[in-house]
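*Asks:* If you scroll down you'll find the structure; I have some questions about it.
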Protein chains: 2
Amino acid sequence: MSPLIVLTLLTLASADYWSERAKLVNSDSSHAIGSSIVLTEKEQQVNKVLMSHKLKEYDDGFTDPHSFLPSIHFFKSKSGIEASPVFDFIRKLPKGASLHSHDTALVSFDYLYNLTYRENLYGCVVKNRLQLHFFDKKTSGECEWELVEDLRSQNSSFDMFLKSQLSIIVDDPTTEYPSITEVWNRFMDTFGTVFGLVTHRPVFQDYFYQSLKELREDNVMYLEFRGLLPQVYELNGTTYDHMGVTKLYIETLEQFKRDYPDFHGARFIFAPSRNVDNRTVEDYVSITKELKQSFPEFIAGFDLVGQEDRGKPLIDFIPQLLELAETDTKFFFHAAETDWCGTSTDMNLFDAILLNTTRIGHGFGIVKHPKILEEVKKRKIALEISPISNQVLKLVDDLRNHPGAFLVNSGFPVVITCDDPSFWGAKALSYDWYLAFMGFASREGDLRMLKQLALNSLHFSVMREEEKCDALATWEEQWEEFLDIVLAGNTISVNQIL
Amino acid sequence: MSPLIVLTLLTLASADYWSERAKLVNSDSSHAIGSSIVLTEKEQQVNKVLMSHKLKEYDDGFTDPHSFLPSIHFFKSKSGIEASPVFDFIRKLPKGASLHSHDTALVSFDYLYNLTYRENLYGCVVKNRLQLHFFDKKTSGECEWELVEDLRSQNSSFDMFLKSQLSIIVDDPTTEYPSITEVWNRFMDTFGTVFGLVTHRPVFQDYFYQSLKELREDNVMYLEFRGLLPQVYELNGTTYDHMGVTKLYIETLEQFKRDYPDFHGARFIFAPSRNVDNRTVEDYVSITKELKQSFPEFIAGFDLVGQEDRGKPLIDFIPQLLELAETDTKFFFHAAETDWCGTSTDMNLFDAILLNTTRIGHGFGIVKHPKILEEVKKRKIALEISPISNQVLKLVDDLRNHPGAFLVNSGFPVVITCDDPSFWGAKALSYDWYLAFMGFASREGDLRMLKQLALNSLHFSVMREEEKCDALATWEEQWEEFLDIVLAGNTISVNQIL
């Protein structure tokens, strides 16, 4: 062959090459969450704004990996996130629903801390941990309770100690939490400290009201949250059991909806401790039935909580859970919140699926189970992914290695959730959304992904069909408004101007 | 319904439940690498030995996560691995072929270090890095070369400095390598220091001979390795170009095969730097053609090397690579050795596939590309997975989060490889095999996985068909012998008794 012919052939081959390449790249990205969305012209303009910010941040990270926020521990990345224009964009974006968070870790840390300035709050230290409780007068018993007000005025270091007891935030998480064990101990201890503070009836209701308010301010319109239904108390000794506590939630929710009619409501998943015996689970079953019967609108279903690696797996409670399933109770099981593979923890995935779970909490280990991946996709069982929680609770360091990256790029049914923002200094949903968008998605992942995540959150909620339609209609209005705000360069949040 | 009927129904439902569960679990594990293998009775007995050790280690880790070796940095876990009975088992197991390692980082650190005791070795320090070179007499030029022997006797701290220059091992990798940038700088510098030491002709041949010996002692029977074909020199000034150097490899290999007739050979992948211009890649093309023509048996194909995130991507060299493809050159491209998604680095996957790559080096980012996953499975393109390399070069901390866990459990075509064992204190293949077996596989993953990995390594090699048959026949003999050794409780390695 003459050199000229060779050259021509190569040029032809080369032309083919580029068209084949474009096909392959398109085929790959067509699997990602949101890829089926076709953006309107207005959305395309807004997308340009978003992507100009995202690509700058992403490419700066590629050039200098130190600066890339999803690869940094949240305790260290938080201020950087708050300075990011992408975060600002996401805060303003109407995000739909928040579908995985826990009753006593819902509000922002600042609000939680400010609750300790309330009157009649007493503290005492048991085994190096602060306990908090409201009393109408000085009380002693197992513990020498002292007024927090006095402790604060008498000891200048008390306040720092108090703050340390209300979150798991530390200066150097790598050293202080060498493994999942230490961070989970601290995490559970924090729930313990917060308990007596937030189960005082007036605080309990204010706390829940504030949780809704913070979500709404973060442009979230609907909530499904998990809770233990702990006993709530008045100063006078009156207490509320599971039924009474549920009523308190509903009252507060109704008040909130009166104050903010654009908020689309909340539902509750009864999620008591998994670290119990079978007899206790039988009690859970009875309580759930009673709750469902009395509050069919508010009660979404059932789950079990606590560190999976150490608690009892679902397999221990199959007869009880089957009985509950018979009553059409929806399940929202935590499963595979773990790095292990083939242990009781990730095997929870199998029981969750067999028990026909409506969604899966975390499902971190799902990528190691091909059949479960297939089932989840086929049956459209949403995975509730909480990037910050998984990072700070030591499942993964660099969020680019989070299984969410696989799930998002392969189009699995995913919703982004916040778990326990209170305890690590986050607030509502936007921090997790930011990290999912920057850390899980491809460099090219754009507004379509964010839009799909918002739509997913409504779609995978357990709102009734007519509620969903209503919510979607409101969301679409908010979305249009949001697009206008971005194009106008306006920095006011959607809800602030409603 | 009477309580009795309800109870009976539940018992029935429960029975169904357990059979459905067994089906789901089996269906899930039937995807894993090796799951199609049916173990013989003898293998089942050996498997029991293996699993008794594995389950103890695995379950101890589940109880105390601090102790689980795949989640610890290799610099800290190495001694623990060496004490593991699972590691001992894997060392003895005939592992087939080693398919991804680099010319000047093949041997164990101890052997490399001992080379610095050879006569006529000179050192000098340029920009804080030690350079090494053999000269027949003291030489000066840009550098003040001094005999290593003198430096060693004159300065008690020299030896420690020297050792630090021959590997990337440090006491505290978290602090000393805050990001991929620092560790890659040190890694590339280490290649620089080693260069003048190992390109002296007698050392060059001894080094390669020793590499083969260490593989054989590790019960590996065949090698495909990548190299730059650097200029090799004699003390008298004679030098060897790419053709001469290839001849040196072949001579050494022939000698090794004469000494150890059970070793099944080696092939070479020409893999020069990716950080070059198009003109240089044109030269690579010419060199590759020349090599293939002269040494059709020894030359396996072509690749490009260097930190992908910083070097040139394949897309920059398409016309040149298409020209090479026309000559039926096999490609073994590094691709997606990265945490990023949608950058030039992981997009190398697309070009590797379009250029019909025979295997993929690393492919760490492949899990974020569903279409590429599909193609790799369909076309049976093996992924060369190097767990330790990816950990120490900062792609992932806890190997349970390595994409290998997904790939192994979903039955992708995987081979376990060692990359540059010299520089991180590993040796041959067993350390990486151990970490893949303990860190990637499920708790239940057993001898079938290990057997499949060995078979994969031979199957995905580029031996000719008749060579493969020969190699497989030898491997099967070794395997039988290995089974007998395990059952006899014998601790002698297979090759030691041949």
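Residue numbering restarts at 1 in every chain; chains get A, B, ... in the order shown in the structure tokens, and ligands count up from 1 in that same order.
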Which residues, written as a VMD selection string, have at least one atom at most 8 Å from Thr358 (chain B), with only C-alpha atoms counted and residues fewer than 4 positions away on the same chain left out?
*Replies:* chain B and resid 330 to 332 381 to 382
*Asks:* Kindly determine which residues of chain B lie within 8 Å of chain A, considering only C-alpha atoms, and give the answer as a PyMOL selection string.
*Replies:* chain B and resi 10-11+13-14+17+20-21+24-25+27-29+31+62+64-66+178-181+309+318-319+322-323+339-343+350-351+354+367-372+396-398+400-402+405-406+409-410+441-444
*Asks:* Using CA of Leu458 (chain A) and CA of Lys213 (chain A) as the two end points, give the distance in Å to one decimal.
*Replies:*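 Calculated distance between CA of Leu458 (chain A) and CA of Lys213 (chain A) is 18.5 Å.
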*Asks:* Report the residues of region 199-361 of chain B whose backbone DSSP state falls under strand (DSSP E or B), written as a PyMOL selection string.
*Replies:* chain B and resi 200+220-227+232-233+239-240+266-270+273+299-302+305+331+334-335+359-361
*Asks:* Measuring atom to atom with only C-alpha atoms, identify which of B:Lys78, B:Phe268, B:Val86, B:Leu455 is nearest to Leu55 (chain B).
*Replies:*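 Closest to Leu55 (chain B), using only C-alpha atoms: B:Val86.
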*Asks:* If you count only C-alpha atoms, which residues fall within 10 Å of region 148-155 of chain B, apart from same-chain ones fewer than 4 positions away, as a list in words?
*Replies:*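 These residues fall inside the cut-off: Thr116, Tyr117, Arg118, Glu119, Asn120, Leu121, Tyr122, Gly123, Cys124, Leu132, His133, Phe134, Asp159, Met160 and Leu162 of chain B.
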*Asks:* Residues of the last selection are to be written out with N, CA, C and O atoms, as an mmCIF file, in the first residue's frame.
*Replies:*
data_model
loop_
_atom_site.group_PDB
_atom_site.id
_atom_site.type_symbol
_atom_site.label_atom_id
_atom_site.label_comp_id
_atom_site.auth_asym_id
_atom_site.auth_seq_id
_atom_site.Cartn_x
_atom_site.Cartn_y
_atom_site.Cartn_z
ATOM 1 N N THR B 116 22.645 -2.457 46.602
ATOM 2 C CA THR B 116 23.459 -1.245 46.844
ATOM 3 C C THR B 116 24.799 -1.605 47.487
ATOM 4 O O THR B 116 25.617 -0.721 47.717
ATOM 5 N N TYR B 117 25.021 -2.889 47.792
ATOM 6 C CA TYR B 117 26.328 -3.313 48.313
ATOM 7 C C TYR B 117 27.269 -3.741 47.187
ATOM 8 O O TYR B 117 28.399 -4.131 47.437
ATOM 9 N N ARG B 118 26.805 -3.650 45.956
ATOM 10 C CA ARG B 118 27.662 -4.070 44.845
ATOM 11 C C ARG B 118 28.799 -3.056 44.630
ATOM 12 O O ARG B 118 28.646 -1.866 44.897
ATOM 13 N N GLU B 119 29.897 -3.575 44.122
ATOM 14 C CA GLU B 119 31.073 -2.742 43.849
ATOM 15 C C GLU B 119 30.779 -1.689 42.788
ATOM 16 O O GLU B 119 29.968 -1.921 41.899
ATOM 17 N N ASN B 120 31.518 -0.593 42.918
ATOM 18 C CA ASN B 120 31.477 0.459 41.885
ATOM 19 C C ASN B 120 30.163 1.238 41.820
ATOM 20 O O ASN B 120 29.904 1.923 40.842
ATOM 21 N N LEU B 121 29.353 1.104 42.877
ATOM 22 C CA LEU B 121 28.111 1.892 42.882
ATOM 23 C C LEU B 121 28.384 3.262 43.506
ATOM 24 O O LEU B 121 28.947 3.356 44.597
ATOM 25 N N TYR B 122 28.007 4.290 42.790
ATOM 26 C CA TYR B 122 28.203 5.668 43.245
ATOM 27 C C TYR B 122 26.853 6.327 43.520
ATOM 28 O O TYR B 122 25.846 5.978 42.905
ATOM 29 N N GLY B 123 26.875 7.286 44.433
ATOM 30 C CA GLY B 123 25.653 8.033 44.694
ATOM 31 C C GLY B 123 25.921 9.526 44.679
ATOM 32 O O GLY B 123 27.049 9.967 44.910
ATOM 33 N N CYS B 124 24.913 10.292 44.384
ATOM 34 C CA CYS B 124 25.002 11.731 44.617
ATOM 35 C C CYS B 124 23.584 12.267 44.806
ATOM 36 O O CYS B 124 22.608 11.625 44.392
ATOM 37 N N LEU B 132 21.732 7.129 41.790
ATOM 38 C CA LEU B 132 22.701 6.031 41.884
ATOM 39 C C LEU B 132 23.204 5.682 40.486
ATOM 40 O O LEU B 132 22.460 5.779 39.503
ATOM 41 N N HIS B 133 24.476 5.298 40.392
ATOM 42 C CA HIS B 133 25.035 4.905 39.099
ATOM 43 C C HIS B 133 26.309 4.102 39.331
ATOM 44 O O HIS B 133 27.021 4.358 40.291
ATOM 45 N N PHE B 134 26.558 3.149 38.481
ATOM 46 C CA PHE B 134 27.824 2.425 38.529
ATOM 47 C C PHE B 134 28.828 3.109 37.590
ATOM 48 O O PHE B 134 28.470 3.467 36.450
ATOM 49 N N ASP B 159 22.666 5.056 55.549
ATOM 50 C CA ASP B 159 21.921 3.858 55.174
ATOM 51 C C ASP B 159 20.412 4.033 55.328
ATOM 52 O O ASP B 159 19.631 3.539 54.498
ATOM 53 N N MET B 160 20.051 4.739 56.375
ATOM 54 C CA MET B 160 18.621 4.976 56.579
ATOM 55 C C MET B 160 18.081 5.860 55.447
ATOM 56 O O MET B 160 16.991 5.632 54.922
ATOM 57 N N LEU B 162 19.380 6.087 52.464
ATOM 58 C CA LEU B 162 19.355 5.258 51.254
ATOM 59 C C LEU B 162 18.080 4.415 51.187
ATOM 60 O O LEU B 162 17.390 4.382 50.168
#
*Asks:* Would you work out the distance separating CA of Lys54 (chain B) from CA of Gly96 (chain B), expressed in Å to one decimal?
*Replies:*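 These two atoms are separated by 21.7 Å.
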*Asks:* Mind pulling up the distance from CA of Gly425 (chain A) to CA of Phe109 (chain A)?
*Replies:* 5.7 Å
*Asks:* For Tyr431 (chain B), work out the shell of residues within 9 Å, counting only C-alpha atoms and skipping chain neighbours fewer than 5 positions away, then give it as a list in words.
*Replies:* Lys78, Ile81, Glu82, Phe87, Ile90, Arg91, Ile388, Cys418, Ala426 and Ala436 of chain B
*Asks:* Report the residues of region 182-356 of chain B whose backbone DSSP state falls under helix (DSSP H, G or I), written as an MDAnalysis selection string.
*Replies:* chainID B and resid 182:198 201:217 242:259 278:294 314:326 344:354
*Asks:* Between A:Gln210, A:Asn456, A:Thr288, A:Asn236, which has the minimum distance to Lys468 (chain A) (counting only C-alpha atoms)?
*Replies:*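 Looking at the shortest contact to Lys468 (chain A), the residue is A:Asn456.
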